[in-house]
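Visitor: Handing you this structure, nothing more for now.
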Amino acid sequence: MQKKREAYIRNLVARFEKERAEGKSSYFDAEDFEDIIVWYLDAAQYEKAGEVLRRAEAIHPGNPYLTLRKAELYINLHEPDKALRLIADLPPDEDTLLVRASAMMDTGQEAQAIAIMQKLMRQATADRDLLCLDIADTLIARNRWDVALKMLKSIMPAYPHNKELFTKAVDCALALEDVAATQPFLEHLLDEDPYDIRAWAQLGECHIKAGRCDQAIEAYEFAMAASSGQPDYLLSILMGHAYAQKEEYETALEHYTAALPHLQTDAERNEVLGCMGEAHERLAHWEEALAFYEKALKAYPYDDQAWLGIGVCRLEQLDWTAAMNAFDRVLQINPDNEDVWTCIGDLYVDTNQFDEAVSAYTRALQLNPDQADVCQALGHLHFEANRLELALDYYIKAAGLDPELPNIYVYQALCLQFLGRDAESGQALKEALRHDPEAEKFYRSLFRGTGNDKGLF
């Protein structure tokens, strides 16, 4: 029934478009005009929706349903006050109250609008699932995913076979980054339809966000199997991402390569080519990585991550000038890219510009304080400069962020030893041994190293 209805509306719109192109003005009844208007509103073609409204009002003056559609047009054109004035005298039925609530959401009356929606849900006796979907759309359009999800969940037990309720709930839970809430909805959808490709793909996304790469890959494989032997190239991209997260970069490249001939937009090409560049970078294939990053930039020249990848490759090739040029491009595009400041710090360390390295790493921490490796790098630099208290502060912060950071307690022990705090140094070394039985050997090698011109590192 729903498919027949959609086909009917498509035919209506096609007929209107044809007659419009021919300069004709044929008769449509009010309900057909309403369907055409809603079609254009859903497609964000507001100029055409307005044109249809003017024609409809000339043929069916004073029709309340056309008045409501006109109010919706005003709301979409960011003129909610006009919408409220227009419907002020209409009977307060369900349709009118929902449009009124939508306009109120956009005029700073959110609490009152939500109260109206909740009352509508309580009073509805028929088609509560359809009303709930309309309300959810209104809330989602205004980023109130939380309220929408609560309403959807409240009627799910009464409509367990309404796929759209659960699909929309998935969208809300994903937008709220609530993986735990998302998974039961997806499992219900898959119980209802084991061949639901979208649900399998979203289940994979949930597993990825939870760090369960193997389960994600399994979900994507089910999605590919459900696609009847014609795998969606987007699934190949998702598979590539999952294997990249597992650090199986060769396999990731196979999936990205499979998707490559089917990419349809510059944005897709930029994403996949950039991911291929990163996979080659992680495999230390510097020239291949550079080639893919450059292709990604042809698709989108303002990709700061692609420029960053080029800089990293040049840094690994000890081409300091080319690396810095790439990092400068990153800063031109996105001065707040925390990763580029870390890379610039690395470059300065490699070129013995230690004060500049401290400044770069400090900037990286200003943008994101929760970087254990950067804290450790600053600890090393301050230790080398004999700023031992400052070095210790950074080592302690690094350990607090990542207690498993290799040898971080060894560095604390060494720093404390040089500060003359022997008991604390011993405690730090015990903690180091708890994490790594070889820690004392490493500690002694470092301690010996500080006595010559090679320095600590």
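Here, A, B, ... name the chains of the structure tokens in the order displayed, residue numbers run from 1 inside each chain, and ligands are numbered from 1 in the same displayed order.
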For the contact check between region 267-286 of chain A and region 231-247 of chain A, emit one row per residue of region 267-286 of chain A within 10 Å, containing the shortest atom pair and the distance in Å rounded to one decimal, counting only C-alpha atoms, chain then rising number order, as CSV.
Guide:
residue,atom,partner,partner_atom,distance
A:Glu268,CA,A:Leu234,CA,9.4
A:Glu271,CA,A:Ile237,CA,9.3
A:Val272,CA,A:Ile237,CA,7.2
A:Cys275,CA,A:His241,CA,8.1
A:Met276,CA,A:Gly240,CA,9.1
A:Glu278,CA,A:Ala244,CA,9.1
A:Ala279,CA,A:Ala244,CA,7.0
A:Arg282,CA,A:Glu247,CA,8.4
A:Leu283,CA,A:Glu247,CA,9.5
Visitor: At what distance in Å, to one decimal, does CA of Leu149 (chain A) lie from CA of Ala169 (chain A)?
Guide: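 Atom-to-atom, CA of Ala169 (chain A) and CA of Leu149 (chain A) are spaced 5.6 Å apart.
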Visitor: What are the DSSP helix (DSSP H, G or I) residues of region 119-234 of chain A, as a VMD selection string?
Guide: chain A and resid 119 to 123 128 to 140 145 to 158 163 to 175 179 to 192 197 to 209 213 to 226 233 to 234
Visitor: Kindly export the residues of the current selection with C-alpha atoms, as a compact mmCIF listing (two decimals), in the first residue's frame.
Guide:
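Output file part22.txt follows:
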# COMPACT_ATOMS: atom_id res chain seq x y z
CA LYS A 119 0.12 15.80 24.96
CA LEU A 120 -0.61 14.87 21.35
CA MET A 121 1.00 11.47 21.91
CA ARG A 122 -1.01 10.88 25.09
CA GLN A 123 -4.31 11.81 23.46
CA ARG A 128 0.13 6.67 17.13
CA ASP A 129 3.19 5.28 15.39
CA LEU A 130 2.72 7.61 12.40
CA LEU A 131 2.18 10.59 14.69
CA CYS A 132 5.29 9.66 16.66
CA LEU A 133 7.35 9.52 13.46
CA ASP A 134 6.14 13.00 12.46
CA ILE A 135 7.00 14.35 15.90
CA ALA A 136 10.41 12.64 15.82
CA ASP A 137 11.15 14.26 12.45
CA THR A 138 10.29 17.66 13.91
CA LEU A 139 12.59 17.10 16.89
CA ILE A 140 15.43 15.59 14.85
CA TRP A 145 17.69 13.58 19.31
CA ASP A 146 17.27 12.77 22.99
CA VAL A 147 13.59 13.76 23.17
CA ALA A 148 12.87 12.08 19.84
CA LEU A 149 14.47 8.84 21.03
CA LYS A 150 12.48 8.88 24.27
CA MET A 151 9.20 9.25 22.37
CA LEU A 152 10.09 6.54 19.88
CA LYS A 153 10.99 4.11 22.67
CA SER A 154 7.72 4.82 24.47
CA ILE A 155 5.56 3.35 21.69
CA MET A 156 7.84 0.61 20.34
CA PRO A 157 6.18 -2.16 22.41
CA ALA A 158 2.84 -1.39 20.72
CA LYS A 163 10.53 -0.82 10.88
CA GLU A 164 10.65 2.96 10.53
CA LEU A 165 10.27 3.46 14.29
CA PHE A 166 13.32 1.34 15.01
CA THR A 167 15.32 2.76 12.10
CA LYS A 168 14.73 6.30 13.31
CA ALA A 169 15.61 5.25 16.87
CA VAL A 170 18.92 3.91 15.55
CA ASP A 171 19.63 7.27 13.89
CA CYS A 172 18.87 9.08 17.17
CA ALA A 173 21.02 6.77 19.30
CA LEU A 174 23.93 7.00 16.86
CA ALA A 175 23.66 10.80 16.82
CA VAL A 179 26.29 2.56 21.25
CA ALA A 180 24.69 0.58 24.07
CA ALA A 181 21.25 1.97 23.21
CA THR A 182 21.72 1.48 19.48
CA GLN A 183 22.55 -2.21 19.40
CA PRO A 184 19.19 -3.59 20.68
CA PHE A 185 17.30 -1.60 18.04
CA LEU A 186 19.53 -3.01 15.30
CA GLU A 187 19.21 -6.54 16.62
CA HIS A 188 15.42 -6.15 16.56
CA LEU A 189 15.54 -4.92 12.96
CA LEU A 190 17.69 -7.88 11.97
CA ASP A 191 15.35 -10.31 13.74
CA GLU A 192 12.56 -8.83 11.63
CA ILE A 197 21.80 -4.26 4.62
CA ARG A 198 21.59 -0.88 6.35
CA ALA A 199 21.05 -2.47 9.76
CA TRP A 200 24.05 -4.80 9.32
CA ALA A 201 26.21 -1.83 8.27
CA GLN A 202 25.09 0.24 11.27
CA LEU A 203 25.69 -2.71 13.59
CA GLY A 204 29.24 -2.78 12.21
CA GLU A 205 29.52 0.92 12.96
CA CYS A 206 28.48 0.26 16.57
CA HIS A 207 31.13 -2.43 16.92
CA ILE A 208 33.77 -0.09 15.45
CA LYS A 209 32.89 2.64 17.96
CA CYS A 213 36.80 -4.70 15.00
CA ASP A 214 36.31 -8.44 14.42
CA GLN A 215 32.57 -8.18 15.15
CA ALA A 216 32.37 -5.14 12.88
CA ILE A 217 33.97 -7.05 10.03
CA GLU A 218 31.56 -9.92 10.58
CA ALA A 219 28.60 -7.51 10.43
CA TYR A 220 29.92 -5.94 7.21
CA GLU A 221 30.36 -9.41 5.71
CA PHE A 222 26.70 -10.17 6.49
CA ALA A 223 25.75 -6.88 4.82
CA MET A 224 27.73 -7.84 1.73
CA ALA A 225 26.09 -11.27 1.67
CA ALA A 226 22.67 -9.63 1.94
CA TYR A 233 31.16 -0.01 -2.60
CA LEU A 234 30.39 1.86 0.62
Visitor: So how far away is CA of Gly274 (chain A) from CA of Pro301 (chain A), in Å?
Guide: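 Taking CA of Pro301 (chain A) and CA of Gly274 (chain A), their separation equals 11.7 Å.
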Visitor: If I take CA of Gly311 (chain A) and CA of Phe327 (chain A), how far is one from the other in Å, to one decimal?
Guide: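 It comes out at 5.8 Å.
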Visitor: So that I can see what lies close to region 85-101 of chain A, please list as a list of chain:residue names the residues with an atom at most 7 Å from it, counting only C-alpha atoms and leaving out residues fewer than 4 positions away in the same chain.
Guide: A:Leu68, A:Ala71, A:Glu72, A:Asp81, A:Met105, A:Ala113, A:Ile116, A:Met117, A:Leu120
Visitor: Do you know which residues are at most 12 Å from Cys313 (chain A) counting only C-alpha atoms, after dropping those on the same chain fewer than 5 positions away, and could you put them as a PyMOL selection string?
Guide: chain A and resi 277-294+306-308+318-320+322-324+326-327+343+347
Visitor: Write out, as a tab-separated table (two decimals), in the first residue's frame, the residues just selected, with N, CA and C atoms.
Guide:
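Here's the written file result_13.tsv:
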chain	number	residue	atom	x	y	z
A	277	GLY	N	46.43	6.48	1.37
A	277	GLY	CA	47.71	7.12	1.69
A	277	GLY	C	48.14	6.82	3.11
A	278	GLU	N	47.18	6.90	4.05
A	278	GLU	CA	47.51	6.63	5.45
A	278	GLU	C	47.92	5.18	5.66
A	279	ALA	N	47.24	4.25	4.96
A	279	ALA	CA	47.59	2.83	5.10
A	279	ALA	C	49.02	2.59	4.61
A	280	HIS	N	49.38	3.17	3.49
A	280	HIS	CA	50.76	3.03	2.99
A	280	HIS	C	51.75	3.70	3.94
A	281	GLU	N	51.34	4.83	4.51
A	281	GLU	CA	52.21	5.51	5.48
A	281	GLU	C	52.50	4.60	6.68
A	282	ARG	N	51.44	3.93	7.19
A	282	ARG	CA	51.63	3.05	8.34
A	282	ARG	C	52.50	1.84	7.98
A	283	LEU	N	52.50	1.49	6.69
A	283	LEU	CA	53.35	0.38	6.23
A	283	LEU	C	54.76	0.85	5.85
A	284	ALA	N	55.02	2.15	6.09
A	284	ALA	CA	56.32	2.75	5.74
A	284	ALA	C	56.60	2.71	4.24
A	285	HIS	N	55.53	2.72	3.44
A	285	HIS	CA	55.67	2.84	1.98
A	285	HIS	C	55.57	4.33	1.64
A	286	TRP	N	56.64	5.05	1.86
A	286	TRP	CA	56.56	6.51	1.81
A	286	TRP	C	56.18	7.03	0.44
A	287	GLU	N	56.78	6.51	-0.61
A	287	GLU	CA	56.49	7.02	-1.95
A	287	GLU	C	55.05	6.72	-2.35
A	288	GLU	N	54.57	5.49	-2.05
A	288	GLU	CA	53.19	5.14	-2.37
A	288	GLU	C	52.23	6.03	-1.58
A	289	ALA	N	52.54	6.26	-0.31
A	289	ALA	CA	51.69	7.12	0.51
A	289	ALA	C	51.62	8.53	-0.07
A	290	LEU	N	52.76	9.05	-0.46
A	290	LEU	CA	52.79	10.40	-1.05
A	290	LEU	C	51.93	10.47	-2.30
A	291	ALA	N	52.00	9.44	-3.13
A	291	ALA	CA	51.22	9.42	-4.37
A	291	ALA	C	49.72	9.47	-4.08
A	292	PHE	N	49.27	8.70	-3.08
A	292	PHE	CA	47.84	8.69	-2.78
A	292	PHE	C	47.39	9.98	-2.10
A	293	TYR	N	48.23	10.54	-1.23
A	293	TYR	CA	47.88	11.81	-0.60
A	293	TYR	C	47.75	12.91	-1.67
A	294	GLU	N	48.64	12.89	-2.65
A	294	GLU	CA	48.56	13.90	-3.71
A	294	GLU	C	47.30	13.72	-4.56
A	306	ALA	N	45.49	15.24	4.55
A	306	ALA	CA	46.34	14.78	3.45
A	306	ALA	C	47.67	15.54	3.45
A	307	TRP	N	47.60	16.85	3.68
A	307	TRP	CA	48.85	17.62	3.77
A	307	TRP	C	49.68	17.16	4.96
A	308	LEU	N	49.00	16.83	6.06
A	308	LEU	CA	49.73	16.31	7.23
A	308	LEU	C	50.43	15.01	6.88
A	318	LEU	N	63.54	12.35	5.89
A	318	LEU	CA	64.52	13.34	6.34
A	318	LEU	C	64.60	14.55	5.42
A	319	ASP	N	63.48	14.83	4.72
A	319	ASP	CA	63.41	16.02	3.88
A	319	ASP	C	62.72	17.11	4.70
A	320	TRP	N	63.52	17.77	5.55
A	320	TRP	CA	62.95	18.70	6.52
A	320	TRP	C	62.22	19.86	5.86
A	322	ALA	N	60.74	20.08	2.84
A	322	ALA	CA	59.47	19.66	2.25
A	322	ALA	C	58.45	19.33	3.34
A	323	ALA	N	58.92	18.73	4.43
A	323	ALA	CA	58.02	18.40	5.55
A	323	ALA	C	57.44	19.68	6.14
A	324	MET	N	58.30	20.68	6.38
A	324	MET	CA	57.82	21.91	6.99
A	324	MET	C	56.88	22.65	6.06
A	326	ALA	N	54.81	21.28	3.99
A	326	ALA	CA	53.51	20.58	4.10
A	326	ALA	C	52.82	20.95	5.40
A	327	PHE	N	53.59	21.01	6.51
A	327	PHE	CA	52.99	21.37	7.79
A	327	PHE	C	52.46	22.81	7.76
A	343	CYS	N	53.77	16.98	15.09
A	343	CYS	CA	54.73	16.65	14.03
A	343	CYS	C	55.80	17.74	13.88
A	347	LEU	N	59.80	17.36	14.20
A	347	LEU	CA	60.77	17.89	13.23
A	347	LEU	C	61.84	18.71	13.93
Visitor: From the set A:Leu401, A:Val52, A:Leu381, A:Cys375, which residue has the shortest atom-to-atom contact distance to Asp355 (chain A), counting only C-alpha atoms?
Guide: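 Using only C-alpha atoms, Asp355 (chain A) sits closest to A:Leu381.
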Visitor: Name the residues in contact with Ala372 (chain A) at a cut-off of 8 Å, using only C-alpha atoms, excluding same-chain residues fewer than 2 positions from it; report them as an MDAnalysis selection string.
Guide: chainID A and resid 370 374:376 397:399 401:402 405
Visitor: Given the selection you just returned, output its residues as a file containing N, CA and C atoms, formatted as a short mmCIF file (atom, residue, chain, number, x, y, z; two decimals), in the first residue's frame.
Guide:
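For reference, again.cif as written:
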data_model
loop_
_atom_site.label_atom_id
_atom_site.label_comp_id
_atom_site.auth_asym_id
_atom_site.auth_seq_id
_atom_site.Cartn_x
_atom_site.Cartn_y
_atom_site.Cartn_z
N ASP A 370 45.15 15.94 26.55
CA ASP A 370 45.16 14.51 26.88
C ASP A 370 46.03 13.70 25.92
N VAL A 374 52.91 13.26 23.94
CA VAL A 374 53.43 14.63 23.86
C VAL A 374 53.94 15.08 25.23
N CYS A 375 53.22 14.70 26.28
CA CYS A 375 53.70 15.01 27.63
C CYS A 375 55.06 14.36 27.87
N GLN A 376 55.20 13.11 27.43
CA GLN A 376 56.48 12.42 27.62
C GLN A 376 57.59 13.12 26.83
N LYS A 397 52.24 13.51 34.48
CA LYS A 397 51.01 13.72 33.71
C LYS A 397 50.86 12.66 32.63
N ALA A 398 51.96 12.32 31.97
CA ALA A 398 51.92 11.30 30.92
C ALA A 398 51.45 9.96 31.49
N ALA A 399 51.99 9.59 32.66
CA ALA A 399 51.60 8.32 33.28
C ALA A 399 50.13 8.33 33.70
N LEU A 401 47.77 9.90 32.14
CA LEU A 401 46.96 9.75 30.93
C LEU A 401 47.04 8.34 30.36
N ASP A 402 48.23 7.73 30.47
CA ASP A 402 48.41 6.39 29.89
C ASP A 402 49.42 5.62 30.74
N LEU A 405 52.09 3.55 28.95
CA LEU A 405 53.05 4.18 28.03
C LEU A 405 54.43 3.59 28.30
#
Visitor: Check the smallest atom-to-atom distance from each of A:Asn270, A:Ser359, A:Asn63, A:Thr107 to Pro80 (chain A) using only C-alpha atoms, then report the winner.
Guide: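 Looking only at the distances to Pro80 (chain A), the closest residue turns out to be A:Thr107.
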Visitor: Could you name the residues that touch Ile9 (chain A) at 9 Å or less, counting only C-alpha atoms, but leaving out those on the same chain fewer than 2 positions away, as a ChimeraX atom specification?
Guide: /A:4-7,11-14,32,35-36,39
Visitor: Write the residues of the selection above to a file with N, CA and C atoms, as a PDB file, in the first residue's frame.
Guide:
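Done, and the output landed in out_5.pdb:
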ATOM      1  N   LYS A   4       2.485   1.827  -3.365  1.00  0.00           N
ATOM      2  CA  LYS A   4       1.520   2.348  -4.344  1.00  0.00           C
ATOM      3  C   LYS A   4       1.281   3.827  -4.127  1.00  0.00           C
ATOM      4  N   ARG A   5       1.190   4.227  -2.845  1.00  0.00           N
ATOM      5  CA  ARG A   5       0.985   5.632  -2.509  1.00  0.00           C
ATOM      6  C   ARG A   5       2.168   6.477  -2.983  1.00  0.00           C
ATOM      7  N   GLU A   6       3.384   5.993  -2.753  1.00  0.00           N
ATOM      8  CA  GLU A   6       4.570   6.726  -3.185  1.00  0.00           C
ATOM      9  C   GLU A   6       4.622   6.838  -4.701  1.00  0.00           C
ATOM     10  N   ALA A   7       4.259   5.756  -5.385  1.00  0.00           N
ATOM     11  CA  ALA A   7       4.248   5.783  -6.855  1.00  0.00           C
ATOM     12  C   ALA A   7       3.214   6.783  -7.364  1.00  0.00           C
ATOM     13  N   ASN A  11       3.991  10.127  -9.644  1.00  0.00           N
ATOM     14  CA  ASN A  11       3.305  10.397 -10.909  1.00  0.00           C
ATOM     15  C   ASN A  11       2.644  11.770 -10.900  1.00  0.00           C
ATOM     16  N   LEU A  12       2.080  12.145  -9.744  1.00  0.00           N
ATOM     17  CA  LEU A  12       1.497  13.481  -9.625  1.00  0.00           C
ATOM     18  C   LEU A  12       2.543  14.564  -9.892  1.00  0.00           C
ATOM     19  N   VAL A  13       3.701  14.417  -9.237  1.00  0.00           N
ATOM     20  CA  VAL A  13       4.774  15.407  -9.378  1.00  0.00           C
ATOM     21  C   VAL A  13       5.267  15.446 -10.823  1.00  0.00           C
ATOM     22  N   ALA A  14       5.413  14.260 -11.432  1.00  0.00           N
ATOM     23  CA  ALA A  14       5.864  14.214 -12.834  1.00  0.00           C
ATOM     24  C   ALA A  14       4.864  14.907 -13.747  1.00  0.00           C
ATOM     25  N   ASP A  32      -4.337  16.372  -3.839  1.00  0.00           N
ATOM     26  CA  ASP A  32      -3.210  16.166  -4.757  1.00  0.00           C
ATOM     27  C   ASP A  32      -2.233  17.336  -4.689  1.00  0.00           C
ATOM     28  N   ASP A  35      -0.142  16.890  -1.643  1.00  0.00           N
ATOM     29  CA  ASP A  35       0.914  15.877  -1.822  1.00  0.00           C
ATOM     30  C   ASP A  35       2.095  16.440  -2.604  1.00  0.00           C
ATOM     31  N   ILE A  36       1.811  17.212  -3.639  1.00  0.00           N
ATOM     32  CA  ILE A  36       2.890  17.798  -4.451  1.00  0.00           C
ATOM     33  C   ILE A  36       3.697  18.787  -3.610  1.00  0.00           C
ATOM     34  N   TRP A  39       5.935  16.964  -1.215  1.00  0.00           N
ATOM     35  CA  TRP A  39       7.065  16.395  -1.971  1.00  0.00           C
ATOM     36  C   TRP A  39       8.178  17.418  -2.112  1.00  0.00           C
TER      37      TRP A  39
END
Visitor: Need to verify the contact set: Lys70 (chain A), 9 Å, only C-alpha atoms, exclusion of same-chain residues closer than 2 positions in sequence. Can you return it as an NGL selection string?
Guide: :A and (37 or 49-50 or 53 or 65-68 or 72-75 or 83 or 86)
Visitor: Mind dumping the selected residues with C-alpha atoms as an mmCIF file, in the first residue's frame?
Guide:
data_model
loop_
_atom_site.group_PDB
_atom_site.id
_atom_site.type_symbol
_atom_site.label_atom_id
_atom_site.label_comp_id
_atom_site.auth_asym_id
_atom_site.auth_seq_id
_atom_site.Cartn_x
_atom_site.Cartn_y
_atom_site.Cartn_z
ATOM 1 C CA ILE A 37 3.680 20.578 -1.971
ATOM 2 C CA ALA A 49 6.549 24.494 -3.179
ATOM 3 C CA GLY A 50 5.576 28.182 -3.068
ATOM 4 C CA LEU A 53 0.799 26.758 -3.153
ATOM 5 C CA TYR A 65 -4.789 21.813 4.816
ATOM 6 C CA LEU A 66 -3.205 24.074 2.218
ATOM 7 C CA THR A 67 -2.929 26.734 4.929
ATOM 8 C CA LEU A 68 -0.995 24.270 7.078
ATOM 9 C CA GLU A 72 5.293 24.622 6.977
ATOM 10 C CA LEU A 73 6.832 26.508 4.066
ATOM 11 C CA TYR A 74 7.241 29.582 6.274
ATOM 12 C CA ILE A 75 8.911 27.410 8.938
ATOM 13 C CA ALA A 83 3.556 30.536 10.373
ATOM 14 C CA LEU A 86 -1.226 32.164 9.696
#
Visitor: Rank A:Tyr443, A:Tyr46, A:Trp341, A:Tyr409 by their smallest atom-to-atom distance to Gln366 (chain A), using only C-alpha atoms, and report the top residue only.
Guide: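 With only C-alpha atoms as the atom set, the closest residue is A:Trp341.
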